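Participant: Okay, so here is run12.csv, and as you'll see once you scroll down, it has CSV, C-alpha atoms and all ligand atoms.
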```
chain,number,residue,atom,x,y,z
W,1,MET,CA,57.9,128.2,152.3
W,2,GLU,CA,55.6,126.0,150.4
W,3,PRO,CA,53.2,124.0,152.4
W,4,THR,CA,53.1,120.2,151.7
W,5,PHE,CA,50.2,118.0,152.4
W,6,ASP,CA,51.7,114.7,151.3
W,7,LEU,CA,52.3,112.8,154.6
W,8,PHE,CA,55.4,111.0,153.5
W,9,GLU,CA,57.0,114.1,152.0
W,10,THR,CA,56.1,116.0,155.2
W,11,MET,CA,57.8,113.3,157.4
W,12,ARG,CA,60.9,113.3,155.1
W,13,THR,CA,61.3,117.1,155.4
W,14,THR,CA,60.4,117.8,159.0
W,15,ARG,CA,63.7,119.0,160.1
W,16,SER,CA,64.6,121.1,163.1
W,17,MET,CA,64.3,124.7,161.9
W,18,ARG,CA,66.3,126.7,164.3
W,19,ARG,CA,66.6,129.9,162.4
W,20,LEU,CA,63.2,131.6,162.5
W,21,LYS,CA,61.9,134.9,161.4
W,22,PRO,CA,60.3,137.0,164.2
W,23,ASP,CA,57.2,137.7,161.9
W,24,PRO,CA,53.9,136.9,163.5
W,25,VAL,CA,52.2,133.6,162.7
W,26,PRO,CA,48.5,133.7,161.9
W,27,GLU,CA,46.4,132.4,164.8
W,28,ASP,CA,44.4,130.0,162.6
W,29,LEU,CA,47.7,128.2,161.7
W,30,ILE,CA,48.6,127.9,165.4
W,31,ALA,CA,45.1,126.5,166.1
W,32,ARG,CA,45.6,123.9,163.3
W,33,ILE,CA,48.9,122.8,164.8
W,34,LEU,CA,47.3,122.5,168.3
W,35,GLU,CA,44.4,120.5,166.9
W,36,ALA,CA,46.9,118.2,165.2
W,37,GLY,CA,48.5,117.8,168.7
W,38,THR,CA,45.3,116.8,170.3
W,39,CYS,CA,44.6,114.2,167.6
W,40,ALA,CA,47.5,112.2,169.1
W,41,ALA,CA,47.1,109.2,171.3
W,42,SER,CA,47.7,109.2,175.0
W,43,GLY,CA,47.6,106.3,177.5
W,44,GLY,CA,44.0,105.3,178.1
W,45,ASN,CA,43.0,108.3,175.9
W,46,SER,CA,43.4,110.2,179.2
W,47,GLN,CA,44.5,113.4,177.4
W,48,ASN,CA,46.0,114.8,180.6
W,49,TRP,CA,47.8,117.4,178.6
W,50,ARG,CA,47.8,121.1,178.6
W,51,PHE,CA,49.4,123.2,175.8
W,52,LEU,CA,50.7,126.5,177.0
W,53,LEU,CA,51.1,129.2,174.3
W,54,ILE,CA,53.7,131.7,175.1
W,55,ARG,CA,53.9,134.9,173.1
W,56,ASP,CA,54.9,137.4,175.8
W,57,PRO,CA,58.5,138.5,175.0
W,58,THR,CA,59.2,139.0,178.8
W,59,VAL,CA,58.2,135.4,179.6
W,60,LYS,CA,60.1,134.0,176.7
W,61,GLU,CA,63.2,135.9,177.6
W,62,ALA,CA,63.0,134.8,181.3
W,63,ALA,CA,62.7,131.1,180.3
W,64,ALA,CA,65.3,131.5,177.5
W,65,VAL,CA,67.9,132.4,180.1
W,66,TRP,CA,67.7,128.8,181.4
W,67,TRP,CA,67.7,127.2,177.9
W,68,ARG,CA,70.8,129.2,177.0
W,69,LYS,CA,72.6,128.4,180.3
W,70,ALA,CA,71.9,124.6,179.8
W,71,TRP,CA,73.2,124.7,176.2
W,72,SER,CA,76.2,127.0,176.6
W,73,GLU,CA,77.5,125.5,179.9
W,74,THR,CA,76.6,121.8,179.7
W,75,ALA,CA,75.0,120.3,176.6
W,76,GLY,CA,76.8,122.4,173.9
W,77,PRO,CA,80.4,121.6,175.2
W,78,ARG,CA,79.4,117.9,175.6
W,79,TYR,CA,78.2,117.7,171.9
W,80,ARG,CA,81.2,119.6,170.6
W,81,ALA,CA,83.5,117.2,172.4
W,82,GLY,CA,81.8,114.2,170.7
W,83,GLY,CA,81.7,112.9,167.1
W,84,PRO,CA,78.9,113.3,164.5
W,85,PRO,CA,75.9,111.1,164.7
W,86,PRO,CA,75.1,108.4,162.0
W,87,GLY,CA,74.4,109.8,158.6
W,88,MET,CA,76.3,113.1,159.3
W,89,ASP,CA,79.9,114.1,158.7
W,90,ALA,CA,81.9,116.4,161.0
W,91,ASP,CA,81.2,119.4,158.9
W,92,LYS,CA,77.4,118.9,158.9
W,93,PHE,CA,77.5,118.2,162.6
W,94,GLY,CA,79.4,121.4,163.2
W,95,ARG,CA,76.8,123.4,161.2
W,96,LEU,CA,74.0,121.7,163.3
W,97,LEU,CA,75.8,122.8,166.5
W,98,ASP,CA,76.1,126.3,165.1
W,99,ALA,CA,72.4,126.3,164.5
W,100,VAL,CA,71.7,125.3,168.1
W,101,ASP,CA,74.0,128.2,169.2
W,102,HIS,CA,71.9,130.5,167.1
W,103,LEU,CA,68.7,129.1,168.6
W,104,ALA,CA,70.1,129.6,172.1
W,105,GLU,CA,70.7,133.3,171.3
W,106,HIS,CA,67.4,133.9,169.5
W,107,ILE,CA,64.8,131.4,170.9
W,108,HIS,CA,62.9,134.2,172.6
W,109,GLU,CA,62.4,135.9,169.2
W,110,ALA,CA,60.3,133.1,167.8
W,111,PRO,CA,56.8,134.7,167.7
W,112,VAL,CA,55.2,131.8,169.5
W,113,TRP,CA,56.2,128.9,171.7
W,114,ILE,CA,54.1,125.9,172.3
W,115,VAL,CA,54.9,124.2,175.6
W,116,PRO,CA,53.3,120.7,175.9
W,117,CYS,CA,52.7,119.8,179.5
W,118,TRP,CA,51.3,116.7,181.2
W,119,ALA,CA,49.7,116.2,184.6
W,120,GLY,CA,51.4,114.3,187.4
W,121,ALA,CA,54.9,113.2,188.1
W,122,ARG,CA,57.5,113.4,185.4
W,123,GLY,CA,57.8,110.2,183.4
W,124,SER,CA,54.8,110.4,181.0
W,125,GLY,CA,56.7,111.2,177.9
W,126,ALA,CA,55.1,108.3,176.0
W,127,SER,CA,51.7,110.1,176.4
W,128,ILE,CA,52.9,113.6,175.3
W,129,TYR,CA,55.5,113.1,172.6
W,130,PRO,CA,53.1,111.7,170.1
W,131,ALA,CA,51.3,115.0,170.3
W,132,VAL,CA,54.6,116.8,170.0
W,133,GLN,CA,55.5,114.9,166.8
W,134,ASN,CA,52.0,115.6,165.4
W,135,MET,CA,52.5,119.3,166.0
W,136,LEU,CA,56.0,119.3,164.4
W,137,LEU,CA,54.6,117.6,161.3
W,138,ALA,CA,51.6,120.0,161.2
W,139,ALA,CA,53.9,123.0,161.5
W,140,ARG,CA,56.0,121.6,158.6
W,141,ALA,CA,52.9,120.9,156.5
W,142,LEU,CA,51.8,124.5,157.0
W,143,GLY,CA,55.3,125.9,156.0
W,144,LEU,CA,56.2,126.8,159.5
W,145,GLY,CA,59.5,126.0,161.2
W,146,ALA,CA,59.8,124.4,164.7
W,147,THR,CA,62.2,122.4,166.8
W,148,LEU,CA,61.6,119.9,169.6
W,149,THR,CA,63.7,121.3,172.5
W,150,THR,CA,64.3,119.8,175.9
W,151,VAL,CA,67.7,121.1,176.9
W,152,TYR,CA,66.2,123.6,179.3
W,153,LEU,CA,65.0,120.7,181.4
W,154,MET,CA,68.4,120.7,183.0
W,155,HIS,CA,67.1,123.7,184.8
W,156,GLU,CA,63.5,122.4,184.9
W,157,LYS,CA,62.3,124.1,188.1
W,158,GLU,CA,63.6,127.6,187.2
W,159,ALA,CA,62.4,127.4,183.6
W,160,GLU,CA,59.0,126.1,184.5
W,161,ALA,CA,58.6,128.8,187.1
W,162,ALA,CA,59.5,131.4,184.5
W,163,MET,CA,56.8,130.0,182.2
W,164,GLY,CA,54.2,129.8,184.9
W,165,ILE,CA,53.6,126.1,184.7
W,166,ALA,CA,51.0,125.2,187.3
W,167,GLU,CA,51.9,122.9,190.2
W,168,GLY,CA,50.9,119.3,189.4
W,169,PHE,CA,52.0,119.6,185.8
W,170,HIS,CA,55.4,119.3,184.0
W,171,SER,CA,56.5,120.6,180.7
W,172,TYR,CA,58.1,118.2,178.2
W,173,ALA,CA,59.4,120.5,175.6
W,174,ILE,CA,59.6,124.0,174.3
W,175,LEU,CA,58.6,124.3,170.6
W,176,PRO,CA,59.6,127.6,169.2
W,177,ILE,CA,57.5,128.2,166.1
W,178,GLY,CA,57.9,130.7,163.3
W,179,TYR,CA,58.5,131.2,159.6
W,180,PRO,CA,61.8,129.6,158.7
W,181,ARG,CA,64.8,131.6,157.4
W,182,GLY,CA,66.1,128.5,155.6
W,183,LYS,CA,64.8,125.7,153.5
W,184,PHE,CA,63.2,122.5,154.9
W,185,GLY,CA,65.2,119.9,152.9
W,186,PRO,CA,65.4,116.2,153.7
W,187,VAL,CA,66.2,114.8,157.1
W,188,ARG,CA,69.6,113.1,157.5
W,189,ARG,CA,69.3,109.5,158.8
W,190,ALA,CA,71.2,106.3,158.7
W,191,PRO,CA,69.8,103.9,156.1
W,192,LEU,CA,67.3,101.1,156.9
W,193,SER,CA,69.9,98.5,156.2
W,194,GLU,CA,71.9,99.7,159.2
W,195,VAL,CA,69.1,100.0,161.7
W,196,VAL,CA,66.6,97.3,160.8
W,197,TYR,CA,67.1,93.6,161.7
W,198,ASP,CA,65.0,91.1,159.8
W,199,GLY,CA,63.8,88.1,161.8
W,200,ALA,CA,66.9,87.8,164.0
W,201,TRP,CA,68.9,90.3,166.0
W,202,GLY,CA,71.8,91.5,163.8
W,203,LYS,CA,70.4,90.0,160.5
W,204,PRO,CA,70.4,92.9,158.0
W,205,TYR,CA,67.2,93.9,156.3
W,206,ALA,CA,67.3,93.7,152.5
W,207,VAL,CA,65.6,96.9,151.5
W,208,PRO,CA,63.3,96.0,148.5
I,1,LIG,C1,64.1,114.2,172.8
I,1,LIG,C2,64.7,115.3,171.9
I,1,LIG,C3,65.2,116.4,172.5
I,1,LIG,C4,65.7,117.5,171.7
I,1,LIG,N1,66.2,118.6,172.3
I,1,LIG,C5,66.7,119.6,171.6
I,1,LIG,C6,67.2,120.8,172.2
I,1,LIG,O1,67.1,121.0,173.4
I,1,LIG,N2,67.7,121.7,171.4
I,1,LIG,C7,67.7,121.6,170.0
I,1,LIG,O2,68.2,122.5,169.3
I,1,LIG,N3,67.3,120.5,169.4
I,1,LIG,C8,66.8,119.5,170.2
I,1,LIG,N4,66.3,118.3,169.6
I,1,LIG,C9,66.3,118.2,168.1
I,1,LIG,C10,67.4,117.2,167.6
I,1,LIG,O3,68.7,117.7,167.8
I,1,LIG,C11,67.1,117.0,166.1
I,1,LIG,O4,65.8,116.5,165.9
I,1,LIG,C12,68.1,116.0,165.5
I,1,LIG,O5,69.4,116.6,165.5
I,1,LIG,C13,67.8,115.6,164.1
I,1,LIG,O6,67.8,116.7,163.3
I,1,LIG,P1,66.5,117.1,162.4
I,1,LIG,O7,65.3,117.3,163.4
I,1,LIG,O8,66.9,118.4,161.8
I,1,LIG,O9,66.3,116.0,161.4
I,1,LIG,C14,65.7,117.3,170.3
I,1,LIG,C15,65.2,116.2,169.7
I,1,LIG,C16,64.6,115.2,170.5
I,1,LIG,C17,64.0,114.0,169.9
```
What would the structure in this file look like if it were written as structure tokens?
Facilitator:
Amino acid sequence: MEPTFDLFETMRTTRSMRRLKPDPVPEDLIARILEAGTCAASGGNSQNWRFLLIRDPTVKEAAAVWWRKAWSETAGPRYRAGGPPPGMDADKFGRLLDAVDHLAEHIHEAPVWIVPCWAGARGSGASIYPAVQNMLLAARALGLGATLTTVYLMHEKEAEAAMGIAEGFHSYAILPIGYPRGKFGPVRRAPLSEVVYDGAWGKPYAVP
């Protein structure tokens, strides 16, 4: 997949890439993604983050059991019972859910996981998700696929134990990373006219 270094094009095409090849990813690319992560802001610039790289198939499989259980028993059935989100019809939504099913079965085959963690009690998402988004954008820019996944947090204790997260830290996502099987393409979102209010709540924004 072609890399792209135009920021706006990168943002427009940073989709969740759930079908990944098991081929190894060069270490220098992983380092660039991690560096992009640590460029992000955190409250008071405290940088109380740790990024755990997981490549060991046994560890990935042990944690994937909890990811899969959360998706297949709870989150998946709930999404399938609901309607499509804005900007997506039922067909596209069905394909999205099929892609999550695929990820649930294959997440351990992604050559590398990045697991962003933060010190202290859970609740510091605002300080770690900017780093997560930077890493997703960096992966896309380098032609690598990734997905922000949190569903495993339904079984947080078991999954974190499987990954060996130290006491005093919490994980905030599992980012499976690898070369994508499909194309990046544009993200699907509701238009600005539906989600931006101009000057007063409910007053539509006239997109120039
Ligand atoms: C907070 C958060 C949690 C998410 N958790 C999961 C997850 O557990 N599994 C998954 O496959 N995708 C997960 N996603 C990805 C979203 O489903 C995805 O970003 C959304 O459907 C938009 O699709 P796109 O990224 O392809 O544009 C998560 C995204 C966010 C922001």
Participant: Find the residue from W:Pro111, W:Gly185, W:Pro24, W:Pro3 that sits nearest to ligand LIG 1 (chain I); use all atoms listed in the file when measuring.
Facilitator: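 For ligand LIG 1 (chain I), the nearest of the given residues is W:Gly185.
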Participant: Tell me, in Å to one decimal, how far CA of Leu153 (chain W) is from CA of Val59 (chain W).
Facilitator: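 If I compute the distance from CA of Leu153 (chain W) to CA of Val59 (chain W), I get 16.3 Å.
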Participant: For the atom pair CA of Tyr172 (chain W) and CA of Thr150 (chain W), what is the interatomic distance in Å to one decimal place?
Facilitator: 6.8 Å
Participant: Show me which residues line ligand LIG 1 (chain I), defined as having an atom within 8 Å of a ligand atom where all atoms listed in the file count, and present them as a list in words.
Facilitator: Thr13, Thr14, Arg15, Ser16, Met17, Arg18, Trp67, Trp71, Leu96, Ala99, Val100, Leu103, Ala104, Thr147, Leu148, Thr149, Thr150, Val151, Tyr152, Ala173, Pro186, Val187, Arg188 and Arg189 of chain W
Participant: Let me see the file: selected residues, C-alpha atoms, as an mmCIF file, keeping the file's coordinate frame.
Facilitator:
```cif
data_model
loop_
_atom_site.group_PDB
_atom_site.id
_atom_site.type_symbol
_atom_site.label_atom_id
_atom_site.label_comp_id
_atom_site.auth_asym_id
_atom_site.auth_seq_id
_atom_site.Cartn_x
_atom_site.Cartn_y
_atom_site.Cartn_z
ATOM 1 C CA THR W 13 61.300 117.100 155.400
ATOM 2 C CA THR W 14 60.400 117.800 159.000
ATOM 3 C CA ARG W 15 63.700 119.000 160.100
ATOM 4 C CA SER W 16 64.600 121.100 163.100
ATOM 5 C CA MET W 17 64.300 124.700 161.900
ATOM 6 C CA ARG W 18 66.300 126.700 164.300
ATOM 7 C CA TRP W 67 67.700 127.200 177.900
ATOM 8 C CA TRP W 71 73.200 124.700 176.200
ATOM 9 C CA LEU W 96 74.000 121.700 163.300
ATOM 10 C CA ALA W 99 72.400 126.300 164.500
ATOM 11 C CA VAL W 100 71.700 125.300 168.100
ATOM 12 C CA LEU W 103 68.700 129.100 168.600
ATOM 13 C CA ALA W 104 70.100 129.600 172.100
ATOM 14 C CA THR W 147 62.200 122.400 166.800
ATOM 15 C CA LEU W 148 61.600 119.900 169.600
ATOM 16 C CA THR W 149 63.700 121.300 172.500
ATOM 17 C CA THR W 150 64.300 119.800 175.900
ATOM 18 C CA VAL W 151 67.700 121.100 176.900
ATOM 19 C CA TYR W 152 66.200 123.600 179.300
ATOM 20 C CA ALA W 173 59.400 120.500 175.600
ATOM 21 C CA PRO W 186 65.400 116.200 153.700
ATOM 22 C CA VAL W 187 66.200 114.800 157.100
ATOM 23 C CA ARG W 188 69.600 113.100 157.500
ATOM 24 C CA ARG W 189 69.300 109.500 158.800
#
```
Participant: Please provide as an mmCIF file with C-alpha atoms, in the coordinates of the input all residues within 7 Å of region 106-110 of chain W, with the sequence filter that same-chain residues fewer than 5 positions apart are discarded (counting only C-alpha atoms).
Facilitator:
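Contents of result_30.cif, freshly written:
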```cif
data_model
loop_
_atom_site.group_PDB
_atom_site.id
_atom_site.type_symbol
_atom_site.label_atom_id
_atom_site.label_comp_id
_atom_site.auth_asym_id
_atom_site.auth_seq_id
_atom_site.Cartn_x
_atom_site.Cartn_y
_atom_site.Cartn_z
ATOM 1 C CA LEU W 20 63.200 131.600 162.500
ATOM 2 C CA LYS W 21 61.900 134.900 161.400
ATOM 3 C CA PRO W 22 60.300 137.000 164.200
ATOM 4 C CA PRO W 57 58.500 138.500 175.000
ATOM 5 C CA LYS W 60 60.100 134.000 176.700
ATOM 6 C CA GLU W 61 63.200 135.900 177.600
ATOM 7 C CA ALA W 64 65.300 131.500 177.500
ATOM 8 C CA PRO W 176 59.600 127.600 169.200
ATOM 9 C CA ILE W 177 57.500 128.200 166.100
ATOM 10 C CA GLY W 178 57.900 130.700 163.300
#
```
Participant: Looking at all atoms listed in the file, which of W:Leu53, W:Ala139, W:Ala62, W:Ala81 is the one that sits closest to Ala36 (chain W)?
Facilitator: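 Looking at the shortest contact to Ala36 (chain W), the residue is W:Ala139.
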Participant: As a PyMOL selection string, please: the residues near region 192-196 of chain W (cut-off 7 Å, only C-alpha atoms, same-chain neighbours under 6 positions excluded).
Facilitator: chain W and resi 204-207
Participant: Looking at W:Met11, W:Arg68, W:Thr4, W:Ile54, which one is nearest to His102 (chain W), with distances taken over all atoms listed in the file?
Facilitator: W:Arg68
Participant: Of the candidates W:Arg95, W:Lys203, W:Arg181, W:Arg140, which one gets nearest to Asp23 (chain W) if we count only C-alpha atoms?
Facilitator: W:Arg181
Participant: So which one's closest to Gly123 (chain W), W:Arg12, W:His170, W:Arg32, W:Arg50? Using only C-alpha atoms, please.
Facilitator: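 Nearest candidate to Gly123 (chain W) out of W:Arg12, W:His170, W:Arg32, W:Arg50: W:His170.
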Participant: I'd like the interatomic distance between CA of Ala190 (chain W) and CA of Asp98 (chain W), to a tenth of an Å.
Facilitator: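 These atoms are spaced 21.6 Å apart.
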Participant: Nearest to Trp113 (chain W) among W:Asp101, W:Asp91, W:Asp56, W:Glu160, with distances taken over all atoms listed in the file: which residue is it?
Facilitator: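 Selected residue with least distance to Trp113 (chain W): W:Asp56.
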